[in-house]
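**Q** File run-v4.cif below, mmCIF, C-alpha atoms and all ligand atoms:
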data_protein
loop_
_atom_site.group_PDB
_atom_site.id
_atom_site.type_symbol
_atom_site.label_atom_id
_atom_site.label_comp_id
_atom_site.auth_asym_id
_atom_site.auth_seq_id
_atom_site.Cartn_x
_atom_site.Cartn_y
_atom_site.Cartn_z
ATOM 1 C CA LEU A 24 87.852 72.695 105.961
ATOM 2 C CA GLY A 25 90.431 75.003 107.499
ATOM 3 C CA LEU A 26 90.061 78.526 108.730
ATOM 4 C CA LEU A 27 91.401 81.759 107.264
ATOM 5 C CA TYR A 28 92.164 84.511 109.764
ATOM 6 C CA ILE A 29 92.655 88.089 108.532
ATOM 7 C CA VAL A 30 94.884 89.581 111.208
ATOM 8 C CA ALA A 31 95.544 93.297 111.736
ATOM 9 C CA THR A 32 99.039 94.184 112.967
ATOM 10 C CA PRO A 33 100.409 97.509 114.329
ATOM 11 C CA ILE A 34 100.951 100.563 112.068
ATOM 12 C CA GLY A 35 104.126 101.577 113.927
ATOM 13 C CA ASN A 36 103.866 101.067 117.654
ATOM 14 C CA LEU A 37 104.309 97.372 118.453
ATOM 15 C CA ALA A 38 102.442 97.838 121.731
ATOM 16 C CA ASP A 39 99.286 98.207 119.588
ATOM 17 C CA MET A 40 99.386 94.480 118.752
ATOM 18 C CA VAL A 41 96.202 92.973 120.205
ATOM 19 C CA PRO A 42 96.544 89.813 122.360
ATOM 20 C CA ARG A 43 94.117 87.894 120.160
ATOM 21 C CA ALA A 44 96.337 88.543 117.120
ATOM 22 C CA VAL A 45 99.358 87.091 118.948
ATOM 23 C CA GLU A 46 97.315 84.046 119.948
ATOM 24 C CA VAL A 47 96.009 83.418 116.423
ATOM 25 C CA LEU A 48 99.441 83.852 114.784
ATOM 26 C CA GLN A 49 100.956 81.484 117.342
ATOM 27 C CA CYS A 50 98.385 78.776 116.623
ATOM 28 C CA ALA A 51 98.283 79.197 112.820
ATOM 29 C CA ASP A 52 99.754 76.373 110.714
ATOM 30 C CA LEU A 53 100.866 78.984 108.224
ATOM 31 C CA VAL A 54 101.223 82.778 108.215
ATOM 32 C CA ALA A 55 100.837 84.360 104.770
ATOM 33 C CA ALA A 56 102.647 87.722 104.592
ATOM 34 C CA GLU A 57 103.442 90.353 101.963
ATOM 35 C CA ASP A 58 107.114 90.630 102.905
ATOM 36 C CA THR A 59 108.329 87.647 104.901
ATOM 37 C CA ARG A 60 111.556 89.369 106.065
ATOM 38 C CA HIS A 61 109.596 92.326 107.420
ATOM 39 C CA SER A 62 106.992 90.093 109.073
ATOM 40 C CA GLN A 63 109.637 87.783 110.542
ATOM 41 C CA LYS A 64 110.715 90.687 112.792
ATOM 42 C CA LEU A 65 107.160 91.115 114.051
ATOM 43 C CA LEU A 66 106.744 87.398 114.719
ATOM 44 C CA SER A 67 110.133 87.172 116.481
ATOM 45 C CA HIS A 68 109.234 90.143 118.692
ATOM 46 C CA PHE A 69 106.242 88.182 119.961
ATOM 47 C CA ASN A 70 108.116 84.833 120.063
ATOM 48 C CA ILE A 71 105.921 83.359 117.358
ATOM 49 C CA ASP A 72 107.547 80.597 115.321
ATOM 50 C CA SER A 73 104.771 79.694 112.882
ATOM 51 C CA PRO A 74 106.052 79.192 109.318
ATOM 52 C CA LEU A 75 105.815 82.214 107.004
ATOM 53 C CA LEU A 76 104.823 82.126 103.344
ATOM 54 C CA ALA A 77 105.121 85.049 100.889
ATOM 55 C CA TYR A 78 101.815 86.218 99.467
ATOM 56 C CA HIS A 79 101.673 88.748 96.619
ATOM 57 C CA GLU A 80 98.209 88.925 95.230
ATOM 58 C CA HIS A 81 98.932 90.364 91.818
ATOM 59 C CA THR A 82 102.122 88.585 90.867
ATOM 60 C CA ASP A 83 101.382 85.178 92.272
ATOM 61 C CA ALA A 84 98.052 83.545 91.402
ATOM 62 C CA ARG A 85 99.711 80.143 91.973
ATOM 63 C CA ARG A 86 100.484 81.139 95.552
ATOM 64 C CA THR A 87 96.816 81.959 96.167
ATOM 65 C CA GLY A 88 96.019 78.475 94.836
ATOM 66 C CA GLN A 89 98.540 76.906 97.214
ATOM 67 C CA ILE A 90 97.095 78.707 100.221
ATOM 68 C CA LEU A 91 93.554 77.661 99.243
ATOM 69 C CA GLN A 92 94.744 74.093 98.900
ATOM 70 C CA ARG A 93 96.141 74.123 102.451
ATOM 71 C CA LEU A 94 92.874 75.587 103.713
ATOM 72 C CA GLU A 95 90.961 72.840 101.932
ATOM 73 C CA GLN A 96 93.243 70.290 103.595
ATOM 74 C CA GLY A 97 92.011 71.624 106.943
ATOM 75 C CA LEU A 98 94.940 73.862 107.937
ATOM 76 C CA THR A 99 94.587 77.206 109.711
ATOM 77 C CA VAL A 100 96.092 80.102 107.763
ATOM 78 C CA ALA A 101 96.578 83.662 109.038
ATOM 79 C CA LEU A 102 96.979 86.524 106.557
ATOM 80 C CA ILE A 103 98.909 89.630 107.656
ATOM 81 C CA SER A 104 100.217 92.632 105.728
ATOM 82 C CA ASP A 105 103.280 94.814 106.369
ATOM 83 C CA ALA A 106 101.219 97.080 108.620
ATOM 84 C CA GLY A 107 97.644 97.581 109.743
ATOM 85 C CA THR A 108 94.632 95.742 108.379
ATOM 86 C CA PRO A 109 95.079 93.427 105.369
ATOM 87 C CA LEU A 110 92.954 94.334 102.285
ATOM 88 C CA ILE A 111 92.992 98.049 103.228
ATOM 89 C CA SER A 112 95.252 99.326 100.400
ATOM 90 C CA ASP A 113 96.935 95.932 100.798
ATOM 91 C CA PRO A 114 96.614 92.459 99.243
ATOM 92 C CA GLY A 115 94.102 89.833 100.290
ATOM 93 C CA TYR A 116 90.843 90.486 98.461
ATOM 94 C CA ARG A 117 91.264 87.638 95.946
ATOM 95 C CA LEU A 118 92.156 85.175 98.682
ATOM 96 C CA VAL A 119 89.205 86.152 100.907
ATOM 97 C CA ARG A 120 86.793 86.117 97.973
ATOM 98 C CA THR A 121 87.861 82.692 96.729
ATOM 99 C CA ALA A 122 88.005 81.233 100.229
ATOM 100 C CA ARG A 123 84.404 82.339 100.833
ATOM 101 C CA GLU A 124 83.306 80.964 97.460
ATOM 102 C CA ARG A 125 84.741 77.604 98.494
ATOM 103 C CA GLY A 126 82.902 77.647 101.808
ATOM 104 C CA ILE A 127 85.967 78.289 103.955
ATOM 105 C CA ARG A 128 85.314 80.319 107.106
ATOM 106 C CA VAL A 129 87.063 83.710 107.099
ATOM 107 C CA VAL A 130 87.521 85.380 110.482
ATOM 108 C CA PRO A 131 88.785 88.950 111.009
ATOM 109 C CA ILE A 132 91.009 89.854 113.962
ATOM 110 C CA PRO A 133 90.446 93.612 114.257
ATOM 111 C CA GLY A 134 93.248 95.978 115.140
ATOM 112 C CA ALA A 135 95.131 99.000 113.820
ATOM 113 C CA CYS A 136 94.229 100.742 110.574
ATOM 114 C CA ALA A 137 96.044 103.977 109.669
ATOM 115 C CA PHE A 138 93.105 105.900 108.227
ATOM 116 C CA ILE A 139 90.714 105.015 111.044
ATOM 117 C CA ALA A 140 93.308 106.117 113.637
ATOM 118 C CA ALA A 141 93.950 109.332 111.660
ATOM 119 C CA LEU A 142 90.226 110.109 111.266
ATOM 120 C CA SER A 143 89.549 109.492 114.949
ATOM 121 C CA ALA A 144 91.978 112.244 115.985
ATOM 122 C CA ALA A 145 91.944 114.654 113.003
ATOM 123 C CA GLY A 146 89.147 116.986 114.086
ATOM 124 C CA LEU A 147 87.210 116.718 110.807
ATOM 125 C CA PRO A 148 83.616 115.428 110.569
ATOM 126 C CA SER A 149 83.670 111.647 110.980
ATOM 127 C CA ASP A 150 79.977 110.801 110.629
ATOM 128 C CA ARG A 151 80.331 110.259 106.877
ATOM 129 C CA PHE A 152 83.605 109.787 105.034
ATOM 130 C CA SER A 153 85.071 108.251 101.903
ATOM 131 C CA PHE A 154 88.345 106.336 102.019
ATOM 132 C CA GLU A 155 90.041 106.825 98.635
ATOM 133 C CA GLY A 156 93.305 104.952 99.242
ATOM 134 C CA PHE A 157 96.223 106.109 97.059
ATOM 135 C CA LEU A 158 95.543 108.671 94.310
ATOM 136 C CA PRO A 159 97.059 107.974 90.871
ATOM 137 C CA ALA A 160 100.751 108.964 90.885
ATOM 138 C CA LYS A 161 100.693 110.918 87.597
ATOM 139 C CA GLY A 162 99.578 114.564 87.533
ATOM 140 C CA GLY A 163 96.779 114.359 84.938
ATOM 141 C CA ALA A 164 95.138 111.218 86.315
ATOM 142 C CA ARG A 165 95.443 112.556 89.856
ATOM 143 C CA GLU A 166 93.727 115.810 88.910
ATOM 144 C CA ARG A 167 90.878 113.948 87.202
ATOM 145 C CA ALA A 168 90.408 111.783 90.295
ATOM 146 C CA LEU A 169 90.316 114.915 92.473
ATOM 147 C CA ARG A 170 87.826 116.648 90.185
ATOM 148 C CA GLU A 171 85.470 113.700 90.516
ATOM 149 C CA LEU A 172 85.539 114.176 94.285
ATOM 150 C CA ALA A 173 85.236 117.966 94.329
ATOM 151 C CA ARG A 174 81.491 118.058 95.115
ATOM 152 C CA ASP A 175 81.501 115.196 97.612
ATOM 153 C CA THR A 176 80.210 116.409 100.986
ATOM 154 C CA ARG A 177 81.873 113.620 102.959
ATOM 155 C CA THR A 178 85.303 113.871 104.582
ATOM 156 C CA LEU A 179 87.780 112.510 102.014
ATOM 157 C CA ILE A 180 90.641 110.316 103.188
ATOM 158 C CA PHE A 181 93.795 109.484 101.200
ATOM 159 C CA TYR A 182 97.023 107.562 101.706
ATOM 160 C CA GLU A 183 100.022 109.327 100.199
ATOM 161 C CA ALA A 184 103.713 108.650 99.660
ATOM 162 C CA PRO A 185 105.979 111.173 101.439
ATOM 163 C CA HIS A 186 107.766 112.318 98.256
ATOM 164 C CA ARG A 187 104.435 113.198 96.625
ATOM 165 C CA VAL A 188 102.571 114.816 99.499
ATOM 166 C CA ALA A 189 103.516 118.454 98.749
ATOM 167 C CA ASP A 190 102.483 118.117 95.075
ATOM 168 C CA THR A 191 99.258 116.392 96.066
ATOM 169 C CA LEU A 192 98.289 119.080 98.579
ATOM 170 C CA GLU A 193 98.929 121.756 95.934
ATOM 171 C CA ALA A 194 96.776 119.864 93.407
ATOM 172 C CA MET A 195 94.041 119.542 96.056
ATOM 173 C CA ALA A 196 94.187 123.282 96.791
ATOM 174 C CA ALA A 197 93.821 123.975 93.048
ATOM 175 C CA VAL A 198 90.851 121.611 92.568
ATOM 176 C CA PHE A 199 89.005 121.897 95.923
ATOM 177 C CA GLY A 200 89.900 125.539 96.621
ATOM 178 C CA GLY A 201 92.636 126.788 98.952
ATOM 179 C CA GLU A 202 90.193 127.607 101.745
ATOM 180 C CA ARG A 203 88.973 124.034 102.214
ATOM 181 C CA GLU A 204 90.196 122.586 105.543
ATOM 182 C CA ALA A 205 92.506 119.580 105.510
ATOM 183 C CA VAL A 206 94.626 117.563 107.905
ATOM 184 C CA ILE A 207 97.932 115.805 107.422
ATOM 185 C CA ALA A 208 98.366 112.916 109.871
ATOM 186 C CA ARG A 209 101.963 111.699 109.812
ATOM 187 C CA GLU A 210 103.691 108.817 111.566
ATOM 188 C CA VAL A 211 100.582 107.898 113.568
ATOM 189 C CA SER A 212 101.441 105.947 116.756
ATOM 190 C CA LYS A 213 105.197 106.537 116.203
ATOM 191 C CA ALA A 214 107.790 108.839 117.814
ATOM 192 C CA PHE A 215 107.291 111.749 115.381
ATOM 193 C CA GLU A 216 103.501 111.634 115.210
ATOM 194 C CA THR A 217 102.194 114.923 113.781
ATOM 195 C CA PHE A 218 98.639 116.167 113.127
ATOM 196 C CA GLN A 219 98.264 119.512 111.357
ATOM 197 C CA LEU A 220 94.888 121.061 110.458
ATOM 198 C CA MET A 221 94.872 124.099 108.128
ATOM 199 C CA PRO A 222 93.156 125.423 105.000
ATOM 200 C CA LEU A 223 94.553 123.505 101.999
ATOM 201 C CA ARG A 224 96.642 126.349 100.543
ATOM 202 C CA GLN A 225 98.312 127.026 103.885
ATOM 203 C CA LEU A 226 98.825 123.322 104.582
ATOM 204 C CA ALA A 227 100.480 122.853 101.172
ATOM 205 C CA SER A 228 102.986 125.699 101.838
ATOM 206 C CA TRP A 229 103.638 124.465 105.381
ATOM 207 C CA VAL A 230 104.491 120.972 104.095
ATOM 208 C CA ARG A 231 106.499 122.342 101.132
ATOM 209 C CA ALA A 232 108.593 124.555 103.444
ATOM 210 C CA ASP A 233 109.592 121.810 105.897
ATOM 211 C CA SER A 234 111.228 118.670 104.483
ATOM 212 C CA ASN A 235 110.532 116.852 107.765
ATOM 213 C CA GLN A 236 106.836 116.959 106.845
ATOM 214 C CA GLN A 237 107.678 115.071 103.646
ATOM 215 C CA ARG A 238 108.990 112.025 105.503
ATOM 216 C CA GLY A 239 107.458 108.886 106.948
ATOM 217 C CA GLU A 240 103.938 107.584 106.524
ATOM 218 C CA ILE A 241 101.102 109.944 105.761
ATOM 219 C CA VAL A 242 97.307 110.134 105.736
ATOM 220 C CA VAL A 243 95.676 113.210 104.167
ATOM 221 C CA LEU A 244 92.108 114.085 105.191
ATOM 222 C CA VAL A 245 90.064 116.785 103.457
ATOM 223 C CA ARG A 246 86.801 118.296 104.723
ATOM 224 C CA GLY A 247 83.876 117.571 102.403
ATOM 225 C CA ASN A 248 82.377 120.215 100.116
ATOM 226 C CA GLU A 249 80.002 122.367 102.132
ATOM 227 C CA ARG A 250 78.557 124.269 99.209
ATOM 228 C CA ARG A 251 76.820 121.383 97.503
ATOM 229 C CA CYS A 252 73.355 122.215 98.920
ATOM 230 C CA GLU A 253 73.720 125.790 97.776
ATOM 231 C CA SER A 254 74.597 124.824 94.204
ATOM 232 C CA ALA A 255 71.928 122.110 94.197
ATOM 233 C CA LEU A 256 69.461 124.861 95.063
ATOM 234 C CA ASP A 257 70.896 126.937 92.233
ATOM 235 C CA ASP A 258 70.332 124.039 89.868
ATOM 236 C CA GLU A 259 66.759 123.636 91.103
ATOM 237 C CA ALA A 260 66.103 127.385 90.820
ATOM 238 C CA GLN A 261 67.439 127.318 87.276
ATOM 239 C CA ARG A 262 65.240 124.373 86.365
ATOM 240 C CA VAL A 263 62.110 126.126 87.686
ATOM 241 C CA MET A 264 63.117 129.352 85.971
ATOM 242 C CA SER A 265 63.499 127.660 82.591
ATOM 243 C CA LEU A 266 60.095 125.929 83.025
ATOM 244 C CA LEU A 267 58.477 129.277 83.842
ATOM 245 C CA LEU A 268 60.213 131.027 80.965
ATOM 246 C CA ALA A 269 58.929 128.378 78.562
ATOM 247 C CA GLU A 270 55.363 129.209 79.654
ATOM 248 C CA LEU A 271 55.769 132.941 78.940
ATOM 249 C CA PRO A 272 54.097 134.233 75.769
HETATM 250 N N1 LIG B 301 96.839 98.215 105.537
HETATM 251 C C1 LIG B 301 97.288 99.490 106.052
HETATM 252 C C2 LIG B 301 96.248 100.077 106.998
HETATM 253 O O1 LIG B 301 95.456 99.307 107.552
HETATM 254 O O2 LIG B 301 96.230 101.276 107.231
HETATM 255 C C3 LIG B 301 97.670 100.433 104.932
HETATM 256 C C4 LIG B 301 98.727 99.908 104.007
HETATM 257 S S1 LIG B 301 99.214 101.016 102.754
HETATM 258 C C5 LIG B 301 100.188 99.992 101.724
HETATM 259 C C6 LIG B 301 100.453 102.001 103.516
HETATM 260 C C7 LIG B 301 100.017 103.461 103.694
HETATM 261 O O3 LIG B 301 99.216 103.581 104.872
HETATM 262 C C8 LIG B 301 101.166 104.427 103.916
HETATM 263 O O4 LIG B 301 101.715 104.853 102.696
HETATM 264 C C9 LIG B 301 100.481 105.566 104.630
HETATM 265 O O5 LIG B 301 99.782 106.380 103.724
HETATM 266 C C10 LIG B 301 99.471 104.808 105.513
HETATM 267 N N2 LIG B 301 100.057 104.522 106.836
HETATM 268 C C11 LIG B 301 100.486 103.335 107.301
HETATM 269 N N3 LIG B 301 100.971 103.469 108.560
HETATM 270 C C12 LIG B 301 100.823 104.778 108.892
HETATM 271 C C13 LIG B 301 101.144 105.548 110.042
HETATM 272 N N4 LIG B 301 101.721 104.996 111.102
HETATM 273 N N5 LIG B 301 100.867 106.877 110.020
HETATM 274 C C14 LIG B 301 100.292 107.444 108.946
HETATM 275 N N6 LIG B 301 99.981 106.769 107.828
HETATM 276 C C15 LIG B 301 100.238 105.455 107.786
#
Please express the file's structure as structure tokens.
**A**
Amino acid sequence: LGLLYIVATPIGNLADMVPRAVEVLQCADLVAAEDTRHSQKLLSHFNIDSPLLAYHEHTDARRTGQILQRLEQGLTVALISDAGTPLISDPGYRLVRTARERGIRVVPIPGACAFIAALSAAGLPSDRFSFEGFLPAKGGARERALRELARDTRTLIFYEAPHRVADTLEAMAAVFGGEREAVIAREVSKAFETFQLMPLRQLASWVRADSNQQRGEIVVLVRGNERRCESALDDEAQRVMSLLLAELP
């Protein structure tokens, strides 16, 4: 049986490519990539001439089958995405899952991941967090998703498209409260890298007022709810109160 490598690539700065990733991509019989034209540039930069194959998880079940077939023939396949770690808001899950089911060894080559880099430098609690990926694009669904997270005490991490970030921050201020701290981490590892930490309402106006903050690639991090213990106590107090009241003559 072959070997499937899951290879992280840089999220902007090519100098973040790890030597082991270069080595693995060089030796792979086949490199499966989301966008072969985009990935060709990366491979050329590192003088890698392994053959590229397009891999789109959702549109191309046949392609997954082809890759599995090559693996079963004993070839080494490396999966990369356009940026960062494959499977993190990127394709690959189906391939990894099926490969494992068929007894093929799957080996990760760790490297860049946008939300981990953002969290490591944001200045928000990092001991417990929840990575939420992309929120739904439509207003109603997005608000429902936010409401479900409103009581979560962990730092919440989102990926967001630049043309939606101002709307999203305003929706977050409305659902989580304008005082809740948040960070926008933009263009991490690139020339215009920006980190801004502010209460949500202020952050939303700051982003809305400056179109430069609505460009490039963005991670939004929101401090967890700090009032959950308080309201849990309220709930408990209410429960005890109603028990006591029921005992009164
Ligand atoms: N697999 C990638 C990873 O490991 O982070 C994420 C892929 S996802 C399709 C792309 C999103 O990641 C962007 O829309 C943005 O939210 C975030 N992202 C990627 N590169 C980034 C960067 N350099 N700075 C900030 N956010 C970034």
**Q** Taking all atoms listed in the file into account, list the residues no farther than 10 Å from ligand LIG 301 (chain B), as number ranges by chain.
**A** A: 31-36, 103-114, 134-141, 156-157, 180-185, 188, 207-218, 239-243
**Q** Using only C-alpha atoms, find the one residue out of A:His68, A:Arg123, A:Arg238, A:Arg203 that sits nearest to Gln225 (chain A).
**A**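 Once distances to Gln225 (chain A) are computed over only C-alpha atoms, the minimum belongs to A:Arg203.
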**Q** From the list A:Ala145, A:Val130, A:Ala84, A:Val100, which residue is nearest Cys50 (chain A) when using all atoms listed in the file?
**A**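 Nearest to Cys50 (chain A): A:Val100.
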**Q** To test your reading of the syntax: which residues would the PyMOL selection byres (((chain A and resi 177) around 6) and not hetatm) return for the file shown? Reply as a PyMOL selection string.
**A** chain A and resi 151-152+175-176+178+247
**Q** Can you work out which one of A:Val41, A:Leu266, A:Ala168, A:Val206 has the shortest atom-to-atom distance to Glu155 (chain A), counting all atoms listed in the file?
**A** A:Ala168
**Q** Any idea what the distance is between CA of Arg231 (chain A) and CA of Leu169 (chain A)?
**A**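 Here the two named atoms are 19.8 Å from each other.
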**Q** Any idea what's packed within 6 Å of region 54-60 of chain A, counting all atoms listed in the file, ignoring anything in its chain fewer than 6 positions away? Could you give it as an MDAnalysis selection string?
**A** chainID A and resid 75:79 100:104
**Q** Figure out the distance between CA of Lys161 (chain A) and CA of Phe199 (chain A), please, to one decimal in Å.
**A** 18.1 Å
**Q** What is the distance, in Å and to one decimal place, between CA of Ala160 (chain A) and CA of Arg224 (chain A)?
**A**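 CA of Ala160 (chain A) sits 20.3 Å away from CA of Arg224 (chain A).
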**Q** Which residues are close to Arg93 (chain A), i.e. within 12 Å by only C-alpha atoms, leaving aside same-chain residues fewer than 6 positions away? Reply as an MDAnalysis selection string.
**A** chainID A and resid 24:27 51:55 76 86:87 99:101 122 127
**Q** Using only C-alpha atoms, which residue out of A:Leu94, A:Pro133, A:Ala205, A:Leu118 lies closest to Ala44 (chain A)?
**A**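 Between A:Leu94, A:Pro133, A:Ala205, A:Leu118, the residue approaching Ala44 (chain A) most closely is A:Pro133.
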**Q** Counting all atoms listed in the file, which residues sit no farther than 9 Å from the position (92.6, 120.4, 101.4) in the file's frame? I'd like them as a PyMOL selection string.
**A** chain A and resi 192-193+195-196+199-206+221-224+226-227+243-246
**Q** Nearest to His186 (chain A) among A:Leu220, A:Val263, A:Val198, A:Val230, with distances taken over all atoms listed in the file: which residue is it?
**A**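 Ranked by minimum distance to His186 (chain A), first place goes to A:Val230.
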**Q** So that all listed atoms of region 207-215 of chain A fit with 6 Å spare on each side, what axis-aligned box centre and edge lengths in Å, to one decimal, would you give as AutoDock Vina command-line options?
**A**
--center_x 102.9 --center_y 110.9 --center_z 112.6 --size_x 21.9 --size_y 21.9 --size_z 22.4
**Q** Counting all atoms listed in the file, figure out which residue out of A:Ala260, A:Leu65, A:Ala194, A:Ala164 gets nearest to Ser228 (chain A).
**A**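 Using all atoms listed in the file, Ser228 (chain A) sits closest to A:Ala194.
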**Q** Run the PyMOL selection byres (((chain A and resi 69) around 10) and not hetatm) mentally over the shown coordinates, then write out the matched residues as number ranges by chain, using the chain letters and numbers from the document.
**A** A: 37, 40, 45-46, 48-49, 64-68, 70-72
